[in-house]
file target_10.cif (mmCIF, C-alpha atoms)
data_start
loop_
_atom_site.group_PDB
_atom_site.id
_atom_site.type_symbol
_atom_site.label_atom_id
_atom_site.label_comp_id
_atom_site.auth_asym_id
_atom_site.auth_seq_id
_atom_site.Cartn_x
_atom_site.Cartn_y
_atom_site.Cartn_z
ATOM 1 C CA MET U 1 -0.322 51.934 -143.678
ATOM 2 C CA LYS U 2 -2.642 49.696 -145.715
ATOM 3 C CA GLU U 3 -2.638 47.002 -143.018
ATOM 4 C CA ASN U 4 -3.594 49.567 -140.358
ATOM 5 C CA LYS U 5 -6.524 50.712 -142.485
ATOM 6 C CA LEU U 6 -7.477 47.062 -142.933
ATOM 7 C CA VAL U 7 -7.256 46.437 -139.179
ATOM 8 C CA ASP U 8 -9.376 49.513 -138.432
ATOM 9 C CA LEU U 9 -12.019 48.706 -141.036
ATOM 10 C CA SER U 10 -12.253 45.083 -139.907
ATOM 11 C CA LEU U 11 -12.709 46.143 -136.276
ATOM 12 C CA ASP U 12 -15.454 48.619 -137.232
ATOM 13 C CA PHE U 13 -17.123 45.914 -139.315
ATOM 14 C CA SER U 14 -16.961 43.470 -136.387
ATOM 15 C CA VAL U 15 -18.743 46.021 -134.202
ATOM 16 C CA ASP U 16 -21.425 46.398 -136.888
ATOM 17 C CA ILE U 17 -21.823 42.612 -137.053
ATOM 18 C CA ILE U 18 -22.137 42.290 -133.271
ATOM 19 C CA ASN U 19 -24.835 44.979 -133.296
ATOM 20 C CA LEU U 20 -26.588 43.167 -136.145
ATOM 21 C CA VAL U 21 -26.492 39.910 -134.172
ATOM 22 C CA LYS U 22 -28.033 41.653 -131.152
ATOM 23 C CA TYR U 23 -30.812 42.972 -133.388
ATOM 24 C CA LEU U 24 -31.410 39.580 -134.999
ATOM 25 C CA LYS U 25 -31.525 37.754 -131.668
ATOM 26 C CA ALA U 26 -33.944 40.352 -130.287
ATOM 27 C CA ASN U 27 -36.144 39.446 -133.264
ATOM 28 C CA ARG U 28 -35.764 35.736 -132.492
ATOM 29 C CA GLU U 29 -33.574 34.900 -135.491
ATOM 30 C CA THR U 30 -30.853 32.551 -134.249
ATOM 31 C CA ILE U 31 -29.693 30.378 -137.153
ATOM 32 C CA ILE U 32 -28.253 33.069 -139.414
ATOM 33 C CA SER U 33 -27.290 35.332 -136.508
ATOM 34 C CA ASN U 34 -25.003 32.648 -135.115
ATOM 35 C CA GLN U 35 -23.410 32.051 -138.510
ATOM 36 C CA ILE U 36 -22.884 35.700 -139.424
ATOM 37 C CA GLY U 37 -21.653 36.436 -135.920
ATOM 38 C CA ARG U 38 -18.881 33.872 -136.312
ATOM 39 C CA SER U 39 -17.879 34.663 -139.883
ATOM 40 C CA GLY U 40 -18.230 38.439 -139.589
ATOM 41 C CA THR U 41 -16.062 38.763 -136.490
ATOM 42 C CA SER U 42 -13.578 36.166 -137.706
ATOM 43 C CA ILE U 43 -12.504 38.521 -140.499
ATOM 44 C CA GLY U 44 -10.978 40.984 -138.052
ATOM 45 C CA ALA U 45 -9.614 38.266 -135.797
ATOM 46 C CA ASN U 46 -7.645 36.737 -138.675
ATOM 47 C CA ILE U 47 -6.425 40.119 -139.889
ATOM 48 C CA HIS U 48 -5.260 40.927 -136.377
ATOM 49 C CA GLU U 49 -3.585 37.538 -136.089
ATOM 50 C CA ALA U 50 -1.792 38.145 -139.410
ATOM 51 C CA GLN U 51 -0.051 41.153 -137.880
ATOM 52 C CA TYR U 52 1.895 38.706 -135.700
ATOM 53 C CA ALA U 53 2.418 36.015 -138.316
ATOM 54 C CA GLN U 54 5.429 33.706 -138.215
ATOM 55 C CA GLY U 55 6.591 34.747 -141.659
ATOM 56 C CA LYS U 56 5.170 35.830 -145.011
ATOM 57 C CA ARG U 57 3.458 32.530 -145.798
ATOM 58 C CA ASP U 58 1.686 32.501 -142.439
ATOM 59 C CA PHE U 59 0.719 36.158 -143.009
ATOM 60 C CA ILE U 60 -0.775 35.304 -146.400
ATOM 61 C CA SER U 61 -2.584 32.288 -144.975
ATOM 62 C CA LYS U 62 -4.275 34.372 -142.271
ATOM 63 C CA LEU U 63 -5.331 37.008 -144.803
ATOM 64 C CA GLU U 64 -6.710 34.311 -147.120
ATOM 65 C CA ILE U 65 -8.755 32.883 -144.246
ATOM 66 C CA ALA U 66 -10.080 36.395 -143.542
ATOM 67 C CA LEU U 67 -10.996 36.672 -147.230
ATOM 68 C CA LYS U 68 -12.951 33.409 -147.099
ATOM 69 C CA GLU U 69 -14.766 34.590 -143.974
ATOM 70 C CA ALA U 70 -15.611 37.891 -145.706
ATOM 71 C CA SER U 71 -17.036 35.977 -148.647
ATOM 72 C CA GLU U 72 -19.157 33.853 -146.307
ATOM 73 C CA THR U 73 -20.342 36.956 -144.467
ATOM 74 C CA GLY U 74 -21.412 38.496 -147.763
ATOM 75 C CA TYR U 75 -23.560 35.425 -148.383
ATOM 76 C CA TRP U 76 -25.240 35.675 -144.967
ATOM 77 C CA LEU U 77 -25.925 39.383 -145.521
ATOM 78 C CA GLU U 78 -27.567 38.622 -148.835
ATOM 79 C CA LEU U 79 -29.654 35.883 -147.258
ATOM 80 C CA LEU U 80 -30.755 38.217 -144.458
ATOM 81 C CA ARG U 81 -31.874 40.747 -147.049
ATOM 82 C CA LYS U 82 -33.739 38.208 -149.159
ATOM 83 C CA THR U 83 -35.558 36.894 -146.075
ATOM 84 C CA ASN U 84 -36.461 40.435 -144.955
ATOM 85 C CA TYR U 85 -34.533 40.299 -141.683
ATOM 86 C CA ILE U 86 -32.677 43.470 -142.685
ATOM 87 C CA ASP U 87 -33.813 46.332 -144.882
ATOM 88 C CA GLU U 88 -32.239 47.368 -148.170
ATOM 89 C CA GLN U 89 -30.328 50.303 -146.670
ATOM 90 C CA SER U 90 -28.768 48.203 -143.890
ATOM 91 C CA TYR U 91 -27.853 45.554 -146.423
ATOM 92 C CA LYS U 92 -26.196 48.073 -148.736
ATOM 93 C CA GLU U 93 -24.162 49.633 -145.923
ATOM 94 C CA LEU U 94 -22.956 46.326 -144.485
ATOM 95 C CA SER U 95 -22.379 44.791 -147.900
ATOM 96 C CA ALA U 96 -20.301 47.797 -149.004
ATOM 97 C CA LYS U 97 -18.073 47.484 -145.936
ATOM 98 C CA CYS U 98 -17.729 43.749 -146.505
ATOM 99 C CA THR U 99 -16.836 44.329 -150.167
ATOM 100 C CA SER U 100 -14.237 46.939 -149.175
ATOM 101 C CA LEU U 101 -12.658 44.415 -146.824
ATOM 102 C CA ARG U 102 -12.551 41.796 -149.589
ATOM 103 C CA VAL U 103 -10.956 44.220 -152.042
ATOM 104 C CA MET U 104 -8.309 45.231 -149.514
ATOM 105 C CA LEU U 105 -7.635 41.613 -148.561
ATOM 106 C CA VAL U 106 -7.190 40.562 -152.189
ATOM 107 C CA ALA U 107 -4.772 43.454 -152.766
ATOM 108 C CA SER U 108 -2.812 42.665 -149.600
ATOM 109 C CA CYS U 109 -2.549 38.980 -150.516
ATOM 110 C CA ARG U 110 -1.355 39.808 -154.026
ATOM 111 C CA THR U 111 1.269 42.215 -152.714
ATOM 112 C CA ALA U 112 2.524 39.750 -150.105
ATOM 113 C CA LYS U 113 2.691 36.933 -152.679
ATOM 114 C CA ALA U 114 4.581 39.166 -155.117
ATOM 115 C CA ASN U 115 7.056 40.045 -152.372
ATOM 116 C CA ILE U 116 7.690 36.352 -151.718
ATOM 117 C CA GLN U 117 8.262 35.654 -155.425
ATOM 118 C CA ASP U 118 10.691 38.559 -155.669
ATOM 119 C CA LYS U 119 12.804 37.003 -152.919
ATOM 120 C CA GLU U 120 12.801 33.465 -154.343
#

call {"tool": "encode", "arguments": {"input": "target_10.cif", "output": "C-alpha cells"}}
result
Amino acid sequence: MKENKLVDLSLDFSVDIINLVKYLKANRETIISNQIGRSGTSIGANIHEAQYAQGKRDFISKLEIALKEASETGYWLELLRKTNYIDEQSYKELSAKCTSLRVMLVASCRTAKANIQDKE
C-alpha cells in the first residue's frame, strides 16, 4: 500500500514539475528549468523502476537514487524561489510535496533494509 501511495505521489509531482518547466521556459528561464525537469521527473521514474527491481538490494538502490533526486529537486525549488522565478505559495506547495516524497522514501528504504537484515 505504501509503495502505491509513493508511486501516485511521485507521478503527481512529476506532472507538477513538467508544468513548472513549461512556465519557466515560457519566461525564458532555461538553466534551472532543464535541471529541475530532469531531477524532478527522475524521482518517479526511479520509484516506478523499483517496482520491478531484481531483488531487495536493487529495490533499495532505486529508492535511494529517487531520494537523491528529490533532494536535488528541493535545492532547485529553493533556488527558483530565491531568484523570484516562482512565488512563495508555489514554492511552499511544491516543496511540501517534495518533502513528503523524501519522508516516504526514507521510510521505505529503512523498512526494506530492515527486512534484508532480518533474513541474513

call {"tool": "atom_distance", "arguments": {"input": "target_10.cif", "atom1": "CA of Tyr23 (chain U)", "atom2": "CA of Gly37 (chain U)"}}
result
11.5 Å

call {"tool": "resolve_selection", "arguments": {"input": "target_10.cif", "expression": "the PyMOL selection byres ((chain U and resi 63) around 7)", "output": "JSON, numbers by chain"}}
result
{"U": [46, 47, 50, 59, 60, 61, 62, 64, 65, 66, 67, 105, 109]}

call {"tool": "resolve_selection", "arguments": {"input": "target_10.cif", "expression": "the PyMOL selection byres ((chain U and resi 76-82) around 10)", "output": "number ranges by chain"}}
result
U: 17, 24, 29, 32-33, 35-37, 39-40, 70-75, 83-92, 94-95, 98

call {"tool": "atom_distance", "arguments": {"input": "target_10.cif", "atom1": "CA of Ser10 (chain U)", "atom2": "CA of Thr99 (chain U)"}}
result
11.3 Å

call {"tool": "resolve_selection", "arguments": {"input": "target_10.cif", "expression": "the PyMOL selection byres ((chain U and resi 113) around 12)", "output": "ChimeraX atom specification"}}
result
/U:55-61,63-64,106-112,114-120

call {"tool": "atom_distance", "arguments": {"input": "target_10.cif", "atom1": "CA of Val7 (chain U)", "atom2": "CA of Ala26 (chain U)"}}
result
28.8 Å

call {"tool": "closest_residue", "arguments": {"input": "target_10.cif", "among": "U:Ala96, U:Met104, U:Leu6, U:Val15", "to": "Gln51 (chain U)", "atoms": "all atoms listed in the file"}}
result
U:Leu6

call {"tool": "build_atoms", "arguments": {"input": "target_10.cif", "residues": "region 75-90 of chain U", "atoms": "N, CA and C atoms", "output": "PDB file, keeping the file's coordinate frame"}}
result
ATOM      1  N   TYR U  75     -22.439  36.338-148.109  1.00  0.00           N
ATOM      2  CA  TYR U  75     -23.560  35.425-148.383  1.00  0.00           C
ATOM      3  C   TYR U  75     -24.658  35.571-147.324  1.00  0.00           C
ATOM      4  N   TRP U  76     -24.251  35.574-146.044  1.00  0.00           N
ATOM      5  CA  TRP U  76     -25.240  35.675-144.967  1.00  0.00           C
ATOM      6  C   TRP U  76     -25.978  37.014-145.037  1.00  0.00           C
ATOM      7  N   LEU U  77     -25.265  38.084-145.374  1.00  0.00           N
ATOM      8  CA  LEU U  77     -25.925  39.383-145.521  1.00  0.00           C
ATOM      9  C   LEU U  77     -26.981  39.344-146.622  1.00  0.00           C
ATOM     10  N   GLU U  78     -26.617  38.736-147.729  1.00  0.00           N
ATOM     11  CA  GLU U  78     -27.567  38.622-148.835  1.00  0.00           C
ATOM     12  C   GLU U  78     -28.790  37.796-148.427  1.00  0.00           C
ATOM     13  N   LEU U  79     -28.552  36.725-147.719  1.00  0.00           N
ATOM     14  CA  LEU U  79     -29.654  35.883-147.258  1.00  0.00           C
ATOM     15  C   LEU U  79     -30.560  36.637-146.276  1.00  0.00           C
ATOM     16  N   LEU U  80     -29.952  37.415-145.389  1.00  0.00           N
ATOM     17  CA  LEU U  80     -30.755  38.217-144.458  1.00  0.00           C
ATOM     18  C   LEU U  80     -31.623  39.218-145.211  1.00  0.00           C
ATOM     19  N   ARG U  81     -31.093  39.791-146.246  1.00  0.00           N
ATOM     20  CA  ARG U  81     -31.874  40.747-147.049  1.00  0.00           C
ATOM     21  C   ARG U  81     -33.011  40.042-147.777  1.00  0.00           C
ATOM     22  N   LYS U  82     -32.721  38.922-148.380  1.00  0.00           N
ATOM     23  CA  LYS U  82     -33.739  38.208-149.159  1.00  0.00           C
ATOM     24  C   LYS U  82     -34.842  37.605-148.281  1.00  0.00           C
ATOM     25  N   THR U  83     -34.546  37.423-146.999  1.00  0.00           N
ATOM     26  CA  THR U  83     -35.558  36.894-146.075  1.00  0.00           C
ATOM     27  C   THR U  83     -36.182  38.004-145.232  1.00  0.00           C
ATOM     28  N   ASN U  84     -35.879  39.252-145.595  1.00  0.00           N
ATOM     29  CA  ASN U  84     -36.461  40.435-144.955  1.00  0.00           C
ATOM     30  C   ASN U  84     -36.117  40.611-143.475  1.00  0.00           C
ATOM     31  N   TYR U  85     -34.983  40.048-143.056  1.00  0.00           N
ATOM     32  CA  TYR U  85     -34.533  40.299-141.683  1.00  0.00           C
ATOM     33  C   TYR U  85     -33.826  41.635-141.564  1.00  0.00           C
ATOM     34  N   ILE U  86     -33.253  42.123-142.673  1.00  0.00           N
ATOM     35  CA  ILE U  86     -32.677  43.470-142.685  1.00  0.00           C
ATOM     36  C   ILE U  86     -33.219  44.215-143.900  1.00  0.00           C
ATOM     37  N   ASP U  87     -33.291  45.533-143.772  1.00  0.00           N
ATOM     38  CA  ASP U  87     -33.813  46.332-144.882  1.00  0.00           C
ATOM     39  C   ASP U  87     -32.724  46.583-145.925  1.00  0.00           C
ATOM     40  N   GLU U  88     -33.141  47.140-147.043  1.00  0.00           N
ATOM     41  CA  GLU U  88     -32.239  47.368-148.170  1.00  0.00           C
ATOM     42  C   GLU U  88     -31.079  48.292-147.797  1.00  0.00           C
ATOM     43  N   GLN U  89     -31.368  49.347-147.054  1.00  0.00           N
ATOM     44  CA  GLN U  89     -30.328  50.303-146.670  1.00  0.00           C
ATOM     45  C   GLN U  89     -29.279  49.652-145.772  1.00  0.00           C
ATOM     46  N   SER U  90     -29.712  48.899-144.781  1.00  0.00           N
ATOM     47  CA  SER U  90     -28.768  48.203-143.890  1.00  0.00           C
ATOM     48  C   SER U  90     -27.925  47.215-144.682  1.00  0.00           C
TER      49      SER U  90
END
